[in-house]
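Shown here: protein_14.cif, mmCIF, C-alpha atoms.
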```cif
data_upload
#
loop_
_atom_site.label_atom_id
_atom_site.label_comp_id
_atom_site.auth_asym_id
_atom_site.auth_seq_id
_atom_site.Cartn_x
_atom_site.Cartn_y
_atom_site.Cartn_z
CA MET O 266 103.27 88.27 96.57
CA ALA O 267 105.46 88.10 99.66
CA GLU O 268 105.83 91.16 101.83
CA LYS O 269 109.32 92.58 101.67
CA ASP O 270 111.30 94.38 104.32
CA SER O 271 112.41 97.80 103.09
CA GLY O 272 114.65 98.64 106.03
CA GLY O 273 114.57 102.00 107.76
CA ILE O 274 112.66 105.16 106.84
CA PHE O 275 111.86 108.43 108.57
CA ILE O 276 108.31 108.71 109.92
CA PHE O 277 106.30 111.94 109.72
CA PRO O 278 103.21 111.63 111.98
CA LEU O 279 100.33 113.84 110.79
CA SER O 280 96.71 114.43 111.70
CA SER O 281 95.79 113.47 108.12
CA VAL O 282 96.12 110.28 106.08
CA LEU O 283 98.16 110.07 102.87
CA LEU O 284 96.79 107.52 100.39
CA PRO O 285 98.68 105.82 97.52
CA GLY O 286 98.78 108.09 94.47
CA GLY O 287 97.54 111.07 96.48
CA ILE O 288 99.09 114.54 96.56
CA LEU O 289 100.01 116.04 99.94
CA PRO O 290 101.38 119.60 100.26
CA LEU O 291 103.43 120.13 103.42
CA LYS O 292 104.92 123.11 105.21
CA ILE O 293 108.04 122.03 107.11
CA PHE O 294 109.45 124.25 109.85
CA GLU O 295 110.34 122.08 112.86
CA GLN O 296 114.10 121.42 113.07
CA ARG O 297 113.77 117.62 113.09
CA TYR O 298 111.64 117.67 109.92
CA LEU O 299 113.91 120.21 108.22
CA GLU O 300 116.75 117.73 108.75
CA MET O 301 114.56 114.86 107.49
CA THR O 302 113.65 116.87 104.37
CA LYS O 303 117.29 117.77 103.62
CA THR O 304 118.32 114.10 103.91
CA CYS O 305 115.43 112.91 101.71
CA LEU O 306 116.20 115.53 99.05
CA ARG O 307 119.95 114.82 99.15
CA ASP O 308 119.59 111.03 98.95
CA ASN O 309 116.38 110.96 96.87
CA LEU O 310 114.55 109.04 99.61
CA PRO O 311 110.85 108.84 100.45
CA PHE O 312 109.63 109.21 104.04
CA GLY O 313 106.67 107.61 105.74
CA VAL O 314 103.47 109.51 106.54
CA CYS O 315 101.41 107.98 109.36
CA LEU O 316 98.24 109.18 111.04
CA ILE O 317 98.82 110.26 114.64
CA LYS O 318 97.43 107.71 117.09
CA GLU O 319 98.35 109.71 120.20
CA GLY O 320 99.91 113.15 120.55
CA ARG O 321 100.16 116.20 118.31
CA GLU O 322 101.94 117.22 115.10
CA VAL O 323 104.14 119.79 116.86
CA GLY O 324 106.23 119.27 119.98
CA ALA O 325 106.94 115.91 121.61
CA PRO O 326 107.13 112.93 119.21
CA ALA O 327 103.62 111.61 118.49
CA LEU O 328 102.72 107.93 118.47
CA PRO O 329 101.99 106.95 114.84
CA GLU O 330 99.54 104.35 113.53
CA THR O 331 101.38 101.22 112.39
CA VAL O 332 100.20 101.35 108.74
CA GLY O 333 101.23 104.36 106.66
CA CYS O 334 102.09 105.46 103.14
CA LEU O 335 105.43 106.41 101.59
CA ALA O 336 105.69 110.05 100.52
CA THR O 337 108.04 111.09 97.71
CA ILE O 338 108.94 114.76 97.38
CA THR O 339 108.00 115.86 93.85
CA GLN O 340 108.48 119.63 94.28
CA TRP O 341 110.10 121.78 96.92
CA ASP O 342 110.74 125.42 97.67
CA MET O 343 112.31 127.35 100.55
CA PRO O 344 110.37 130.64 100.59
CA GLN O 345 112.21 131.74 103.71
CA PHE O 346 115.11 130.45 105.76
CA GLY O 347 114.02 127.62 108.06
CA MET O 348 110.89 126.64 106.09
CA PHE O 349 110.36 124.14 103.28
CA GLN O 350 107.21 124.02 101.18
CA LEU O 351 106.86 120.54 99.73
CA ILE O 352 104.56 118.76 97.33
CA THR O 353 104.64 115.03 98.03
CA ARG O 354 103.01 112.08 96.34
CA GLY O 355 101.80 108.91 98.04
CA GLY O 356 103.50 105.65 97.10
CA GLU O 357 103.39 102.17 98.59
CA ARG O 358 101.76 101.32 101.89
CA PHE O 359 103.91 99.96 104.71
CA ARG O 360 103.59 98.51 108.19
CA ILE O 361 105.88 99.67 111.00
CA LEU O 362 107.77 96.81 112.67
CA GLU O 363 109.71 98.89 115.20
CA THR O 364 110.49 102.55 115.80
CA ARG O 365 113.26 104.55 117.38
CA VAL O 366 113.29 108.23 118.31
CA ALA O 367 116.43 110.35 117.80
CA ALA O 368 117.58 112.94 120.32
CA ASN O 369 115.92 115.68 118.22
CA GLY O 370 112.57 113.83 118.31
CA LEU O 371 112.69 112.52 114.72
CA ILE O 372 111.14 109.06 114.46
CA SER O 373 112.59 106.42 112.18
CA ALA O 374 111.22 102.93 111.71
CA GLN O 375 111.94 99.50 110.35
CA VAL O 376 109.04 98.76 108.01
CA GLU O 377 107.73 96.09 105.71
CA MET O 378 106.09 97.10 102.46
CA LEU O 379 102.53 95.85 102.02
CA PRO O 380 101.65 94.04 98.78
CA PRO O 381 99.45 95.77 96.19
CA ASP O 382 95.68 95.50 96.60
CA CYS O 383 94.01 92.23 95.81
CA GLY O 384 90.31 91.67 95.18
CA ALA O 385 88.17 93.77 92.87
CA ALA O 386 88.72 93.16 89.18
CA GLU O 387 86.35 95.98 88.28
CA VAL O 388 85.26 99.29 89.74
CA ASP O 389 82.02 99.53 91.72
CA LYS O 390 79.58 101.44 89.46
CA THR O 391 78.28 103.73 92.21
CA CYS O 392 81.80 104.71 93.28
CA HIS O 393 82.86 105.20 89.65
CA ASP O 394 79.85 107.40 88.81
CA VAL O 395 80.18 109.63 91.89
CA LEU O 396 83.91 110.15 91.35
CA LYS O 397 83.41 110.86 87.63
CA LEU O 398 80.76 113.47 88.49
CA VAL O 399 83.15 115.18 90.91
CA ILE O 400 86.04 115.12 88.41
CA ASP O 401 83.77 116.54 85.68
CA LYS O 402 82.58 119.28 88.05
CA VAL O 403 85.87 120.45 89.61
CA GLY O 404 88.20 119.52 86.74
CA ALA O 405 90.69 116.71 86.19
CA ALA O 406 93.56 119.08 87.05
CA ASN O 407 92.48 118.82 90.72
CA PHE O 408 93.25 115.09 90.75
CA PRO O 409 96.59 113.28 90.50
CA ALA O 410 97.32 112.34 86.88
CA PRO O 411 96.74 110.10 85.12
CA ILE O 412 92.98 109.77 85.72
CA LYS O 413 92.29 106.03 86.11
CA LEU O 414 88.53 105.58 86.46
CA ASP O 415 88.85 101.92 85.43
CA ASP O 416 91.31 101.13 88.25
CA PRO O 417 89.54 99.92 91.45
CA ALA O 418 92.40 100.99 93.75
CA TRP O 419 92.73 104.46 92.17
CA VAL O 420 88.98 105.11 92.34
CA ALA O 421 88.78 103.94 95.96
CA TYR O 422 91.73 106.06 97.12
CA ARG O 423 90.54 109.21 95.33
CA LEU O 424 87.02 108.83 96.77
CA ALA O 425 88.46 108.26 100.25
CA GLU O 426 90.43 111.53 99.86
CA ILE O 427 87.51 113.74 98.85
CA LEU O 428 84.67 112.40 101.00
CA PRO O 429 83.95 114.25 104.27
CA ILE O 430 84.98 111.37 106.53
CA ASP O 431 86.96 111.11 109.75
CA ALA O 432 90.71 110.55 109.53
CA ALA O 433 90.15 107.32 111.53
CA VAL O 434 87.80 106.03 108.79
CA ARG O 435 90.32 107.04 106.11
CA GLN O 436 92.96 105.12 108.07
CA GLN O 437 90.76 101.98 108.13
CA LEU O 438 90.32 102.27 104.35
CA LEU O 439 94.11 102.59 103.92
CA GLU O 440 94.68 99.45 105.99
CA LEU O 441 92.28 97.25 103.99
CA GLN O 442 94.10 94.82 101.71
CA ASP O 443 91.13 94.08 99.45
CA ALA O 444 90.16 96.73 96.86
CA GLY O 445 86.67 95.25 96.57
CA GLU O 446 86.09 95.56 100.32
CA ARG O 447 87.37 99.17 100.25
CA LEU O 448 84.96 100.05 97.41
CA MET O 449 82.06 98.35 99.23
CA GLN O 450 82.72 100.39 102.37
CA LEU O 451 82.93 103.58 100.31
CA ARG O 452 79.62 102.76 98.62
CA HIS O 453 78.02 102.39 102.08
CA ILE O 454 79.48 105.78 103.08
CA LEU O 455 78.11 107.39 99.88
CA ILE O 456 74.65 105.97 100.59
CA ARG O 457 74.75 107.06 104.27
CA GLN O 458 75.74 110.58 103.22
CA GLY O 459 72.94 110.72 100.67
CA LEU O 460 75.36 110.96 97.75
CA ALA O 461 74.15 107.71 96.18
CA SER O 462 71.19 105.37 96.44
#
```
Rendering of file as C-alpha cells:
Amino acid sequence: MAEKDSGGIFIFPLSSVLLPGGILPLKIFEQRYLEMTKTCLRDNLPFGVCLIKEGREVGAPALPETVGCLATITQWDMPQFGMFQLITRGGERFRILETRVAANGLISAQVEMLPPDCGAAEVDKTCHDVLKLVIDKVGAANFPAPIKLDDPAWVAYRLAEILPIDAAVRQQLLELQDAGERLMQLRHILIRQGLAS
C-alpha cells in the first residue's frame, strides 16, 4: 500500500505516546489548544499527538517526534470556562514532513499517513496470554472495545500501553512497521520484567 499525503493537521506534543486504538483523556487549558479543540470539534477533525522530543508540554512550543498518532475527540465537556476535558481515541499513525508554528505557538504540520502494520499473521502466544490475564483481572471495560485478542496489532498496542516502560520505548514500538517485530520486542520486555518466561 502506498503512503498517502493527508495534508495539514494540528500537532499536540505530549510527554506520553498515543497508540492506534488507544484511549487518551486530555485536559485542555492553554489558549492555543483551546483554539485547536474548538476547530477540531467544529470541523470534525482529528489532531496529531506526538511525543515531545525536546521541550515541555506547557509554554514555548515543544519539538515533537516525527512519527505520531491521530487523535479523534470522542467525548468532550467544558466543566469551567477556559477548560476542555476530552476523551480521544488513537487512529492512524503518521509521519511529519514539515511543521509551522503559528503566532500563538500552535504547531501544524504536513504529514503522510503510514500504511497499516505488515508482518505477523498471528498473535505471539506469550503476549496474548499476558494481556488476556490482565484483561481478566482488571475487566474488559478498562480496555478500548472491541477486545481483539486475535489481532496482532491490537494486542501489541494494548500491551505497549499497560507495561511499565519508558515513553521513548513506547515511541520506538509505535514507529515499527512490522507487527511481528513489535510483538517480539514486547515479549523480550515481558521476559526482562519477569512477567513471562
Between CA of Asp342 (chain O) and CA of Cys305 (chain O), what is the distance, to one decimal in Å?
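Between CA of Asp342 (chain O) and CA of Cys305 (chain O) the gap is 14.0 Å.
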Quick one: everything within 6 Å of region 350-359 of chain O, counting only C-alpha atoms, minus sequence neighbours fewer than 2 positions away in the same chain. Send it as a list in words.
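Everything that qualifies: Leu284, Pro285, Gly286, Gly287, Ile288, Leu289, Pro290, Leu291, Lys292, Val332, Gly333, Cys334, Leu335, Ala336, Thr337, Ile338, Thr339, Gln340, Trp341, Asp342, Glu377, Met378 and Leu379 of chain O.
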Please, what is the axis-aligned box for every listed atom of region 316-329 of chain O with 8 Å on each side, as centre and edge lengths in Å to one decimal, as JSON?
```
{"center_x": 102.3, "center_y": 113.4, "center_z": 116.3, "size_x": 25.7, "size_y": 28.8, "size_z": 26.6}
```
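Interatomic distance, CA of Glu322 (chain O) against CA of Gly370 (chain O): 11.6 Å.
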Explicit residues for the PyMOL selection byres ((chain O and resi 460) around 12) (as a list in words)
Thr391, Cys392, Asp394, Val395, Leu396, Leu398, Val399, Leu424, Leu428, Pro429, Leu451, Arg452, His453, Ile454, Leu455, Ile456, Arg457, Gln458, Gly459, Ala461 and Ser462 of chain O
Give me the residues of region 367-435 of chain O that have any atom at most 10 Å from an atom of region 294-302 of chain O; for each, the nearest atom pair and the distance in Å, rounded to one decimal. Use all atoms listed in the file, sort by chain and number, and format it as JSON lines.
```
{"residue": "O:Ala367", "atom": "CA", "partner": "O:Arg297", "partner_atom": "CA", "distance": 9.1}
{"residue": "O:Ala368", "atom": "CA", "partner": "O:Arg297", "partner_atom": "CA", "distance": 9.4}
{"residue": "O:Asn369", "atom": "CA", "partner": "O:Arg297", "partner_atom": "CA", "distance": 5.9}
{"residue": "O:Gly370", "atom": "CA", "partner": "O:Arg297", "partner_atom": "CA", "distance": 6.6}
{"residue": "O:Leu371", "atom": "CA", "partner": "O:Arg297", "partner_atom": "CA", "distance": 5.5}
{"residue": "O:Ile372", "atom": "CA", "partner": "O:Arg297", "partner_atom": "CA", "distance": 9.1}
{"residue": "O:Ser373", "atom": "CA", "partner": "O:Met301", "partner_atom": "CA", "distance": 9.9}
```
Region 401-417 of chain O: which residues within 9 Å, counting all atoms listed in the file, same-chain residues fewer than 4 positions away excluded, as a PyMOL selection string?
chain O and resi 286-288+354+385-389+393+396-397+421-423+444-445+448
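Distances from O:Ala374, O:Met348, O:Leu328, O:Lys390 to Arg360 (chain O) were compared using only C-alpha atoms, and the smallest one belongs to O:Ala374.
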Which value, in Å to one decimal, gives the distance between CA of Ala432 (chain O) and CA of Ser281 (chain O)?
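Computed distance, CA of Ala432 (chain O) to CA of Ser281 (chain O), equals 6.0 Å.
When only C-alpha atoms are used to compute distances to Ala433 (chain O), the closest of the residues O:Gln450, O:Ser280, O:Thr304, O:Thr331 turns out to be O:Ser280.
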For Ile293 (chain O), which residue out of O:Gly313, O:Pro344, O:Gly273, O:Pro326 is the nearest one, using all atoms listed in the file?
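Selected residue with least distance to Ile293 (chain O): O:Pro344.
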